[in-house]
>>> print(open('structure.cif').read())   # mmCIF, C-alpha atoms and all ligand atoms
data_run
#
loop_
_atom_site.label_atom_id
_atom_site.label_comp_id
_atom_site.auth_asym_id
_atom_site.auth_seq_id
_atom_site.Cartn_x
_atom_site.Cartn_y
_atom_site.Cartn_z
CA MET A 1 17.34 -28.45 -5.92
CA LYS A 2 15.31 -25.61 -4.47
CA ARG A 3 12.17 -27.06 -6.03
CA LEU A 4 12.94 -30.51 -4.65
CA LEU A 5 13.40 -29.06 -1.17
CA SER A 6 10.04 -27.28 -1.25
CA LEU A 7 8.38 -30.50 -2.43
CA LEU A 8 9.93 -32.33 0.49
CA ILE A 9 8.72 -29.69 2.94
CA LEU A 10 5.25 -29.93 1.48
CA ALA A 11 5.33 -33.71 1.57
CA LEU A 12 6.39 -33.94 5.22
CA PRO A 13 3.27 -32.66 6.96
CA ALA A 14 1.10 -34.57 4.51
CA SER A 15 2.70 -37.86 5.55
CA MET A 16 2.40 -36.97 9.25
CA ASN A 17 -1.26 -36.18 8.88
CA ALA A 18 -3.11 -37.59 5.92
CA GLN A 19 -6.17 -35.45 6.62
CA MET A 20 -5.08 -31.91 5.78
CA SER A 21 -6.77 -28.91 7.33
CA ASN A 22 -7.85 -26.01 5.17
CA ASP A 23 -9.19 -22.53 5.89
CA ASP A 24 -12.69 -23.86 6.44
CA VAL A 25 -11.99 -26.98 8.49
CA HIS A 26 -9.34 -27.67 11.07
CA LYS A 27 -8.63 -31.34 11.62
CA TYR A 28 -6.83 -32.01 14.90
CA ASP A 29 -3.54 -33.83 14.55
CA HIS A 30 -3.45 -37.42 15.56
CA THR A 31 -0.74 -40.02 15.35
CA ASN A 32 -1.09 -43.38 13.69
CA GLN A 33 -1.44 -44.93 17.13
CA LEU A 34 -5.19 -44.98 17.49
CA PHE A 35 -5.14 -46.07 21.09
CA TYR A 36 -2.87 -47.43 23.77
CA ARG A 37 -2.72 -50.57 25.82
CA ASN A 38 -2.07 -50.60 29.57
CA GLU A 39 0.36 -53.44 30.13
CA ILE A 40 -0.14 -55.62 33.20
CA VAL A 41 3.18 -57.11 34.27
CA ILE A 42 2.86 -60.53 35.87
CA PRO A 43 5.88 -62.78 35.37
CA GLY A 44 5.65 -66.46 34.48
CA PHE A 45 7.39 -69.49 35.98
CA ASP A 46 8.54 -72.99 35.01
CA GLY A 47 8.77 -71.87 31.38
CA TYR A 48 5.12 -70.74 31.36
CA GLN A 49 4.05 -67.22 30.57
CA THR A 50 1.21 -65.62 32.48
CA LEU A 51 -1.72 -64.73 30.23
CA LYS A 52 -4.53 -62.49 31.44
CA CYS A 53 -7.89 -63.80 30.27
CA ASP A 54 -11.62 -63.17 30.62
CA PHE A 55 -13.75 -66.16 29.64
CA HIS A 56 -17.17 -64.55 30.09
CA ILE A 57 -18.28 -61.68 27.83
CA HIS A 58 -21.67 -60.42 26.63
CA THR A 59 -22.62 -58.13 23.77
CA CYS A 60 -25.86 -56.68 22.42
CA PHE A 61 -26.31 -60.00 20.59
CA SER A 62 -27.61 -61.29 23.95
CA ASP A 63 -28.27 -58.94 26.90
CA GLY A 64 -25.17 -56.74 26.78
CA THR A 65 -25.19 -53.14 25.57
CA VAL A 66 -21.93 -53.14 23.60
CA TRP A 67 -21.17 -54.06 19.99
CA PRO A 68 -18.84 -57.10 19.78
CA ASN A 69 -15.69 -55.49 18.37
CA VAL A 70 -15.69 -52.96 21.24
CA ARG A 71 -15.24 -55.89 23.65
CA VAL A 72 -11.96 -56.72 21.94
CA ASP A 73 -10.79 -53.08 22.02
CA GLU A 74 -11.64 -52.77 25.73
CA ALA A 75 -9.81 -55.96 26.68
CA TRP A 76 -6.79 -55.11 24.54
CA GLN A 77 -6.56 -51.63 26.07
CA GLU A 78 -6.84 -53.06 29.57
CA GLY A 79 -3.87 -55.35 29.01
CA LEU A 80 -5.65 -58.67 28.58
CA ASP A 81 -4.37 -61.38 26.25
CA ALA A 82 -7.62 -63.20 25.48
CA ILE A 83 -11.38 -63.13 25.90
CA ALA A 84 -14.13 -65.62 25.16
CA MET A 85 -17.31 -64.38 23.54
CA THR A 86 -20.12 -66.02 25.49
CA ASP A 87 -23.49 -64.54 24.60
CA HIS A 88 -26.53 -66.26 26.08
CA LEU A 89 -28.15 -68.86 23.87
CA GLU A 90 -31.56 -68.53 25.51
CA TYR A 91 -31.74 -64.93 26.73
CA ARG A 92 -31.63 -62.43 23.88
CA PRO A 93 -33.84 -59.45 24.81
CA PHE A 94 -32.78 -57.40 21.73
CA SER A 95 -33.31 -60.21 19.23
CA ASP A 96 -36.21 -58.45 17.50
CA ILE A 97 -33.80 -55.59 16.63
CA VAL A 98 -30.42 -57.34 16.44
CA GLN A 99 -31.26 -60.30 14.26
CA ALA A 100 -28.42 -62.73 13.87
CA ASP A 101 -27.40 -66.25 14.73
CA HIS A 102 -25.40 -67.35 17.79
CA ASN A 103 -22.03 -67.11 16.05
CA ALA A 104 -22.46 -63.51 14.88
CA SER A 105 -20.93 -61.72 17.88
CA TYR A 106 -17.79 -63.86 17.67
CA GLU A 107 -17.49 -63.36 13.92
CA ILE A 108 -17.81 -59.56 14.18
CA ALA A 109 -15.30 -59.38 17.04
CA LYS A 110 -12.88 -61.80 15.35
CA LYS A 111 -12.06 -59.26 12.63
CA GLU A 112 -11.00 -56.73 15.28
CA ALA A 113 -9.11 -59.40 17.23
CA ASP A 114 -7.16 -60.34 14.12
CA ASN A 115 -6.34 -56.66 13.47
CA LEU A 116 -4.85 -56.40 16.96
CA GLY A 117 -3.26 -59.84 17.20
CA PHE A 118 -5.59 -60.51 20.12
CA ILE A 119 -6.86 -63.97 21.07
CA LEU A 120 -10.64 -64.38 20.74
CA ILE A 121 -12.24 -67.66 21.78
CA LYS A 122 -15.64 -68.74 20.49
CA GLY A 123 -18.16 -69.58 23.19
CA ALA A 124 -21.77 -69.46 24.34
CA GLU A 125 -23.56 -69.35 27.69
CA ILE A 126 -26.04 -72.15 28.30
CA THR A 127 -28.50 -70.29 30.50
CA ARG A 128 -30.80 -72.37 32.72
CA SER A 129 -32.18 -72.01 36.23
CA LYS A 130 -30.65 -73.81 39.20
CA PRO A 131 -29.84 -76.50 40.11
CA LEU A 132 -27.85 -76.64 36.86
CA GLY A 133 -27.46 -72.86 36.54
CA HIS A 134 -25.43 -71.18 33.81
CA MET A 135 -22.60 -72.92 31.95
CA ASN A 136 -20.14 -71.37 29.53
CA ALA A 137 -19.04 -73.58 26.67
CA ILE A 138 -15.82 -72.21 25.17
CA PHE A 139 -13.50 -73.40 22.37
CA ILE A 140 -16.63 -74.49 20.50
CA LYS A 141 -16.96 -74.53 16.72
CA ASP A 142 -20.64 -73.69 16.23
CA ALA A 143 -22.75 -71.97 18.89
CA ASN A 144 -25.96 -72.48 16.89
CA SER A 145 -25.86 -76.23 17.35
CA LEU A 146 -25.90 -75.77 21.16
CA ALA A 147 -29.33 -74.11 21.07
CA VAL A 148 -31.27 -77.25 22.01
CA GLU A 149 -33.93 -77.85 24.66
CA ASP A 150 -31.97 -80.16 26.94
CA PRO A 151 -29.01 -78.28 28.54
CA LEU A 152 -27.17 -81.55 29.22
CA LYS A 153 -27.44 -82.31 25.51
CA ALA A 154 -26.05 -78.83 24.79
CA ILE A 155 -23.06 -79.60 27.04
CA ASP A 156 -22.47 -82.89 25.22
CA ILE A 157 -22.65 -81.18 21.81
CA ALA A 158 -20.14 -78.58 23.01
CA LEU A 159 -17.78 -81.30 24.23
CA GLU A 160 -18.12 -83.19 20.93
CA GLN A 161 -16.92 -79.98 19.25
CA GLY A 162 -13.86 -79.95 21.49
CA GLY A 163 -15.44 -77.51 23.92
CA TYR A 164 -14.54 -76.77 27.55
CA ILE A 165 -17.27 -76.25 30.16
CA ILE A 166 -17.17 -73.61 32.92
CA TRP A 167 -19.73 -73.46 35.72
CA ASN A 168 -20.60 -69.77 35.94
CA HIS A 169 -21.32 -67.72 39.07
CA PRO A 170 -22.15 -70.65 41.42
CA GLY A 171 -23.46 -68.18 44.05
CA TRP A 172 -25.82 -66.30 41.75
CA PRO A 173 -28.78 -65.58 41.71
CA ASP A 174 -29.77 -67.13 45.06
CA ASN A 175 -26.67 -66.10 47.09
CA LYS A 176 -25.87 -69.75 47.78
CA SER A 177 -22.86 -71.56 46.30
CA THR A 178 -24.53 -74.96 46.49
CA MET A 179 -22.95 -77.78 44.57
CA TYR A 180 -25.86 -79.96 43.54
CA GLU A 181 -25.77 -83.62 42.58
CA ILE A 182 -25.89 -82.66 38.90
CA HIS A 183 -22.62 -80.70 39.26
CA GLU A 184 -20.89 -83.50 41.13
CA ARG A 185 -21.94 -85.87 38.37
CA LEU A 186 -20.77 -83.57 35.55
CA ILE A 187 -17.45 -83.01 37.33
CA ALA A 188 -16.99 -86.76 37.91
CA GLU A 189 -17.70 -87.36 34.22
CA GLY A 190 -15.02 -84.80 33.33
CA LYS A 191 -17.57 -82.48 31.72
CA ILE A 192 -17.25 -79.45 34.02
CA SER A 193 -13.58 -78.46 34.08
CA ALA A 194 -13.62 -75.00 35.69
CA TYR A 195 -15.78 -72.64 37.72
CA GLU A 196 -15.98 -68.94 38.50
CA ALA A 197 -14.56 -68.13 41.93
CA TYR A 198 -15.14 -64.50 40.93
CA ASN A 199 -17.86 -63.16 38.65
CA TYR A 200 -18.47 -59.48 37.92
CA MET A 201 -18.34 -57.85 41.41
CA GLU A 202 -18.86 -61.05 43.45
CA SER A 203 -16.70 -63.75 44.94
CA TYR A 204 -17.85 -67.12 46.26
CA PRO A 205 -15.55 -67.92 49.22
CA LEU A 206 -16.92 -71.43 49.86
CA THR A 207 -15.93 -72.42 46.32
CA PHE A 208 -12.28 -71.58 46.95
CA ASP A 209 -11.87 -75.19 48.16
CA TRP A 210 -13.04 -76.66 44.86
CA TYR A 211 -9.65 -76.82 43.15
CA GLU A 212 -8.35 -79.11 45.88
CA GLN A 213 -11.67 -80.85 46.53
CA TYR A 214 -12.89 -81.42 42.97
CA GLY A 215 -9.91 -80.59 40.76
CA ILE A 216 -11.76 -77.88 38.84
CA ALA A 217 -9.91 -74.73 37.85
CA PRO A 218 -10.77 -71.42 39.57
CA LEU A 219 -11.47 -68.53 37.20
CA ALA A 220 -12.22 -64.82 37.61
CA ASN A 221 -14.36 -63.39 34.81
CA THR A 222 -16.26 -60.16 34.28
CA ASP A 223 -19.55 -61.46 32.80
CA ILE A 224 -19.53 -57.93 31.43
CA HIS A 225 -22.76 -56.48 30.06
CA GLY A 226 -22.22 -52.69 29.96
CA PRO A 227 -19.16 -50.78 28.74
CA VAL A 228 -16.20 -51.85 30.89
CA ALA A 229 -15.33 -48.25 31.81
CA GLN A 230 -18.84 -47.91 33.23
CA ASP A 231 -19.18 -51.29 34.95
CA TYR A 232 -15.79 -51.00 36.68
CA ALA A 233 -15.67 -47.23 37.15
CA CYS A 234 -14.85 -47.74 40.82
CA GLY A 235 -11.57 -45.89 41.15
CA PRO A 236 -8.07 -45.82 39.72
CA ASP A 237 -6.91 -48.95 41.54
CA TRP A 238 -9.67 -51.16 40.18
CA ARG A 239 -8.95 -53.71 37.55
CA ARG A 240 -11.57 -55.93 35.98
CA PRO A 241 -11.55 -59.54 37.23
CA MET A 242 -9.21 -61.72 35.21
CA THR A 243 -8.06 -65.29 35.08
CA LEU A 244 -4.30 -65.78 35.12
CA VAL A 245 -3.42 -68.66 32.81
CA PHE A 246 0.05 -70.18 32.92
CA ALA A 247 0.60 -71.18 29.31
CA THR A 248 3.45 -72.58 27.25
CA GLU A 249 2.64 -70.11 24.47
CA ARG A 250 0.53 -67.03 23.84
CA SER A 251 -2.08 -68.63 21.62
CA GLU A 252 -5.55 -70.14 21.77
CA ALA A 253 -3.98 -73.61 21.80
CA GLY A 254 -1.66 -72.54 24.61
CA ILE A 255 -4.58 -71.33 26.69
CA ARG A 256 -6.52 -74.52 26.04
CA GLU A 257 -3.62 -76.73 27.11
CA ALA A 258 -3.17 -74.70 30.31
CA LEU A 259 -6.89 -74.83 31.13
CA ASP A 260 -6.95 -78.60 30.59
CA ALA A 261 -4.01 -78.84 33.02
CA ARG A 262 -5.87 -76.51 35.47
CA ARG A 263 -2.97 -74.01 35.55
CA THR A 264 -5.02 -70.95 36.54
CA LEU A 265 -5.39 -68.43 39.33
CA ALA A 266 -8.42 -66.19 39.83
CA TYR A 267 -7.44 -62.52 40.30
CA PHE A 268 -9.68 -59.66 41.42
CA GLN A 269 -9.43 -56.74 43.82
CA GLY A 270 -5.84 -57.59 44.66
CA MET A 271 -6.80 -61.14 45.73
CA LEU A 272 -5.41 -64.29 44.14
CA VAL A 273 -7.24 -67.60 44.54
CA GLY A 274 -6.14 -71.07 43.47
CA SER A 275 -3.50 -73.73 43.84
CA ALA A 276 -0.93 -73.23 46.63
CA GLU A 277 1.78 -74.41 44.22
CA TYR A 278 1.03 -71.75 41.59
CA LEU A 279 0.59 -69.03 44.21
CA THR A 280 3.98 -69.87 45.71
CA LYS A 281 5.70 -69.97 42.32
CA LEU A 282 4.13 -66.68 41.25
CA ILE A 283 5.32 -64.90 44.40
CA ALA A 284 8.81 -66.39 44.01
CA VAL A 285 9.23 -64.87 40.53
CA SER A 286 7.54 -61.60 41.49
CA LEU A 287 9.44 -60.71 44.69
CA LYS A 288 13.21 -60.56 44.10
CA THR A 289 15.32 -60.45 47.24
CA ARG A 290 18.83 -59.19 48.01
CA HIS A 291 20.57 -59.04 51.37
CA VAL A 292 21.66 -55.55 52.44
CA GLY A 293 23.73 -55.77 55.62
CA ASP A 294 21.50 -57.43 58.19
CA ARG A 295 18.41 -56.40 56.30
CA MET A 296 16.71 -57.52 53.12
CA GLU A 297 15.70 -55.69 49.99
CA VAL A 298 12.52 -56.97 48.34
CA THR A 299 11.77 -55.76 44.81
CA ASN A 300 8.30 -56.50 43.49
CA VAL A 301 8.72 -56.73 39.71
CA SER A 302 5.01 -57.42 39.16
CA ASP A 303 1.82 -55.34 39.05
CA ILE A 304 0.29 -57.32 41.94
CA THR A 305 0.82 -56.01 45.47
CA TYR A 306 1.52 -58.68 48.10
CA THR A 307 0.60 -58.19 51.75
CA MET A 308 2.13 -60.48 54.37
CA VAL A 309 2.07 -60.80 58.14
CA GLN A 310 4.40 -62.52 60.56
CA GLY A 311 3.41 -62.28 64.20
CA ASP A 312 2.44 -58.66 64.80
CA ALA A 313 4.45 -57.36 61.86
CA LEU A 314 2.79 -56.33 58.61
CA TYR A 315 4.82 -56.29 55.37
CA ILE A 316 3.41 -54.73 52.24
CA PHE A 317 5.27 -55.24 48.97
CA PRO A 318 3.61 -52.80 46.57
CA ALA A 319 3.51 -53.44 42.85
CA ARG A 320 6.77 -52.39 41.11
CA LYS A 321 8.36 -51.00 44.26
CA THR A 322 11.31 -52.00 46.40
CA ALA A 323 11.06 -52.34 50.17
CA ILE A 324 13.80 -52.68 52.78
CA VAL A 325 12.70 -55.00 55.56
CA PRO A 326 14.40 -56.97 58.33
CA ALA A 327 15.95 -60.24 57.11
CA LEU A 328 12.82 -62.37 57.04
CA THR A 329 13.03 -66.02 58.00
CA GLY A 330 10.27 -68.55 58.57
CA PRO A 331 6.81 -68.54 57.04
CA LEU A 332 4.78 -65.39 56.46
CA THR A 333 1.03 -65.44 55.95
CA VAL A 334 0.08 -63.92 52.59
CA LYS A 335 -3.12 -61.96 53.18
CA ASN A 336 -4.02 -61.61 49.48
CA CYS A 337 -3.41 -65.24 48.45
CA LEU A 338 -5.97 -67.96 49.19
CA TYR A 339 -5.63 -71.64 48.32
CA GLY A 340 -9.00 -72.50 49.89
CA HIS A 341 -11.82 -71.06 51.96
CA ASN A 342 -10.11 -68.91 54.64
CA LYS A 343 -6.84 -70.68 53.81
CA HIS A 344 -4.11 -68.08 53.41
CA LEU A 345 -0.90 -69.10 51.74
CA GLU A 346 2.19 -69.44 53.95
CA TYR A 347 5.26 -68.14 52.13
CA GLU A 348 8.95 -68.34 53.01
CA PHE A 349 11.58 -66.14 51.33
ZN ZN B 401 -24.86 -66.28 33.66
ZN ZN B 402 -23.14 -64.31 31.54
#
>>> encode(input="structure.cif", output="structure tokens", more="lines below")
Ligand SMILES: [Zn+2]
Ligand SMILES: [Zn+2]
Amino acid sequence: MKRLLSLLILALPASMNAQMSNDDVHKYDHTNQLFYRNEIVIPGFDGYQTLKCDFHIHTCFSDGTVWPNVRVDEAWQEGLDAIAMTDHLEYRPFSDIVQADHNASYEIAKKEADNLGFILIKGAEITRSKPLGHMNAIFIKDANSLAVEDPLKAIDIALEQGGYIIWNHPGWPDNKSTMYEIHERLIAEGKISAYEAYNYMESYPLTFDWYEQYGIAPLANTDIHGPVAQDYACGPDWRRPMTLVFATERSEAGIREALDARRTLAYFQGMLVGSAEYLTKLIAVSLKTRHVGDRMEVTNVSDITYTMVQGDALYIFPARKTAIVPALTGPLTVKNCLYGHNKHLEYEF
């Protein structure tokens, strides 16, 4: 019995820490949890769950400086549900050192995504000068087959593979968000389905009308090239841009169905841009109200702060806090929700 007990005592620390220290080397204790994820709480509505996605990611297989699997770790840690790997087809400044085909970054990252149960979408960025500009093709099967001379042919090949086309950073690099005839044609043909209202550290306010005007879904993506902690090292309140996707299920198929139905909002720097219907529904499930005497208690159960004005009065409903306010009736203007260019949502409790 005594011997058994001493064996148990010996066995215990060994199971807690597989790498034993000895007199020569001290190995610092670590748990089996290699790293942690910061959850972002944004409720869903109408039976949809809100997924946080970034559909524009670069690695050192094009002009990024990060190995592909790190992109998955970063996004997982930052509370995202899905990313799309979208290395440039045409611009690969490290290709003499990093020699691989256009699917390699996805394939490397996919192993890490599968380890974490994270959703990784295969994509590529078709990279041409304006008027066409840059287009992300996501949900594709083979990025290599998109590397053709004619970018319109590349778009068609992507669509034949079941792909989905996003018009990237409409206001970059010339600081003009011009919709050219080629875009109108591709939208009319159902080939461009979404666009970036936010890219990296930019927004394109004139494009905020495009959901209503053209029926294309607004997205917010990072277009990240450096390590995320470096590119968005702007302060504790900063979150990377993300696209909120209202999906029936947390899966690649769920995201695809939601994107086809244009159920998205673009989210960056506390601002939400997109359909008035989805903005209204998101606020309704985020701000819970209760009457307290002649006043009102508003509990924000989400991680998004809402700022509203009514007349001269300003009401701020901070993320995950409860506020006591006068009983509010009639519409309030939501300062951080836009359903078009300079069009602030009107919300009634
Ligand atoms: Zn681009
Ligand atoms: Zn890009």
>>> residues_near_ligand(input="structure.cif", ligand="ligand ZN 402 (chain B)", cutoff="7 Å", atoms="all atoms listed in the file", output="number ranges by chain")
A: 56-58, 86-88, 125, 223
>>> residues_around(input="structure.cif", residues="Thr299 of chain A", least_positions_apart="3", cutoff="6 Å", atoms="all atoms listed in the file", output="PDB file with C-alpha atoms, in the coordinates of the input")
ATOM      1  CA  LEU A 287       9.440 -60.710  44.690  1.00  0.00           C
ATOM      2  CA  LYS A 288      13.210 -60.560  44.100  1.00  0.00           C
ATOM      3  CA  LYS A 321       8.360 -51.000  44.260  1.00  0.00           C
ATOM      4  CA  THR A 322      11.310 -52.000  46.400  1.00  0.00           C
TER       5      THR A 322
END
>>> closest_atom_pairs(input="structure.cif", of="chain A", to="ligand ZN 401 (chain B)", cutoff="7 Å", atoms="all atoms listed in the file", output="CSV")
residue,atom,partner,partner_atom,distance
A:Glu125,CA,B:ZN401,ZN,6.8
A:Thr127,CA,B:ZN401,ZN,6.3
A:His134,CA,B:ZN401,ZN,4.9
A:Asn168,CA,B:ZN401,ZN,6.0
A:His169,CA,B:ZN401,ZN,6.6
>>> write_last_selection(input="structure.cif", atoms="C-alpha atoms", output="short mmCIF file (atom, residue, chain, number, x, y, z; two decimals), in the coordinates of the input")
data_model
loop_
_atom_site.label_atom_id
_atom_site.label_comp_id
_atom_site.auth_asym_id
_atom_site.auth_seq_id
_atom_site.Cartn_x
_atom_site.Cartn_y
_atom_site.Cartn_z
CA GLU A 125 -23.56 -69.35 27.69
CA THR A 127 -28.50 -70.29 30.50
CA HIS A 134 -25.43 -71.18 33.81
CA ASN A 168 -20.60 -69.77 35.94
CA HIS A 169 -21.32 -67.72 39.07
#
>>> closest_residue(input="structure.cif", among="A:Ile216, A:Ala266, A:Ile224, A:Leu206", to="Ser62 of chain A", atoms="all atoms listed in the file")
A:Ile224
>>> atom_distance(input="structure.cif", atom1="atom CA of Trp210 of chain A", atom2="atom CA of Leu186 of chain A")
13.9 Å
>>> atom_distance(input="structure.cif", atom1="atom CA of Asn144 of chain A", atom2="atom CA of Ala124 of chain A")
9.1 Å
>>> residues_around(input="structure.cif", residues="Gln77 of chain A", least_positions_apart="3", cutoff="9 Å", atoms="all atoms listed in the file", output="number ranges by chain")
A: 35-39, 72-74, 80
>>> write_last_selection(input="structure.cif", atoms="C-alpha atoms", output="PDB file, in the coordinates of the input")
ATOM      1  CA  PHE A  35      -5.140 -46.070  21.090  1.00  0.00           C
ATOM      2  CA  TYR A  36      -2.870 -47.430  23.770  1.00  0.00           C
ATOM      3  CA  ARG A  37      -2.720 -50.570  25.820  1.00  0.00           C
ATOM      4  CA  ASN A  38      -2.070 -50.600  29.570  1.00  0.00           C
ATOM      5  CA  GLU A  39       0.360 -53.440  30.130  1.00  0.00           C
ATOM      6  CA  VAL A  72     -11.960 -56.720  21.940  1.00  0.00           C
ATOM      7  CA  ASP A  73     -10.790 -53.080  22.020  1.00  0.00           C
ATOM      8  CA  GLU A  74     -11.640 -52.770  25.730  1.00  0.00           C
ATOM      9  CA  LEU A  80      -5.650 -58.670  28.580  1.00  0.00           C
TER      10      LEU A  80
END
>>> residues_around(input="structure.cif", residues="Asn136 of chain A", least_positions_apart="6", cutoff="12 Å", atoms="all atoms listed in the file", output="JSON, numbers by chain")
{"A": [54, 55, 56, 57, 58, 84, 85, 86, 87, 88, 89, 121, 122, 123, 124, 125, 126, 127, 128, 143, 146, 151, 154, 155, 158, 159, 163, 164, 165, 166, 167, 168, 169, 191, 192, 193, 194, 195, 196, 219, 221, 223]}
>>> write_last_selection(input="structure.cif", atoms="C-alpha atoms", output="mmCIF file, keeping the file's coordinate frame")
data_model
loop_
_atom_site.group_PDB
_atom_site.id
_atom_site.type_symbol
_atom_site.label_atom_id
_atom_site.label_comp_id
_atom_site.auth_asym_id
_atom_site.auth_seq_id
_atom_site.Cartn_x
_atom_site.Cartn_y
_atom_site.Cartn_z
ATOM 1 C CA ASP A 54 -11.620 -63.170 30.620
ATOM 2 C CA PHE A 55 -13.750 -66.160 29.640
ATOM 3 C CA HIS A 56 -17.170 -64.550 30.090
ATOM 4 C CA ILE A 57 -18.280 -61.680 27.830
ATOM 5 C CA HIS A 58 -21.670 -60.420 26.630
ATOM 6 C CA ALA A 84 -14.130 -65.620 25.160
ATOM 7 C CA MET A 85 -17.310 -64.380 23.540
ATOM 8 C CA THR A 86 -20.120 -66.020 25.490
ATOM 9 C CA ASP A 87 -23.490 -64.540 24.600
ATOM 10 C CA HIS A 88 -26.530 -66.260 26.080
ATOM 11 C CA LEU A 89 -28.150 -68.860 23.870
ATOM 12 C CA ILE A 121 -12.240 -67.660 21.780
ATOM 13 C CA LYS A 122 -15.640 -68.740 20.490
ATOM 14 C CA GLY A 123 -18.160 -69.580 23.190
ATOM 15 C CA ALA A 124 -21.770 -69.460 24.340
ATOM 16 C CA GLU A 125 -23.560 -69.350 27.690
ATOM 17 C CA ILE A 126 -26.040 -72.150 28.300
ATOM 18 C CA THR A 127 -28.500 -70.290 30.500
ATOM 19 C CA ARG A 128 -30.800 -72.370 32.720
ATOM 20 C CA ALA A 143 -22.750 -71.970 18.890
ATOM 21 C CA LEU A 146 -25.900 -75.770 21.160
ATOM 22 C CA PRO A 151 -29.010 -78.280 28.540
ATOM 23 C CA ALA A 154 -26.050 -78.830 24.790
ATOM 24 C CA ILE A 155 -23.060 -79.600 27.040
ATOM 25 C CA ALA A 158 -20.140 -78.580 23.010
ATOM 26 C CA LEU A 159 -17.780 -81.300 24.230
ATOM 27 C CA GLY A 163 -15.440 -77.510 23.920
ATOM 28 C CA TYR A 164 -14.540 -76.770 27.550
ATOM 29 C CA ILE A 165 -17.270 -76.250 30.160
ATOM 30 C CA ILE A 166 -17.170 -73.610 32.920
ATOM 31 C CA TRP A 167 -19.730 -73.460 35.720
ATOM 32 C CA ASN A 168 -20.600 -69.770 35.940
ATOM 33 C CA HIS A 169 -21.320 -67.720 39.070
ATOM 34 C CA LYS A 191 -17.570 -82.480 31.720
ATOM 35 C CA ILE A 192 -17.250 -79.450 34.020
ATOM 36 C CA SER A 193 -13.580 -78.460 34.080
ATOM 37 C CA ALA A 194 -13.620 -75.000 35.690
ATOM 38 C CA TYR A 195 -15.780 -72.640 37.720
ATOM 39 C CA GLU A 196 -15.980 -68.940 38.500
ATOM 40 C CA LEU A 219 -11.470 -68.530 37.200
ATOM 41 C CA ASN A 221 -14.360 -63.390 34.810
ATOM 42 C CA ASP A 223 -19.550 -61.460 32.800
#
>>> atom_distance(input="structure.cif", atom1="atom CA of Tyr198 of chain A", atom2="atom CA of Gly171 of chain A")
9.6 Å
>>> residues_around(input="structure.cif", residues="Pro331 of chain A", least_positions_apart="4", cutoff="8 Å", atoms="only C-alpha atoms", output="ChimeraX atom specification")
/A:310,346-349
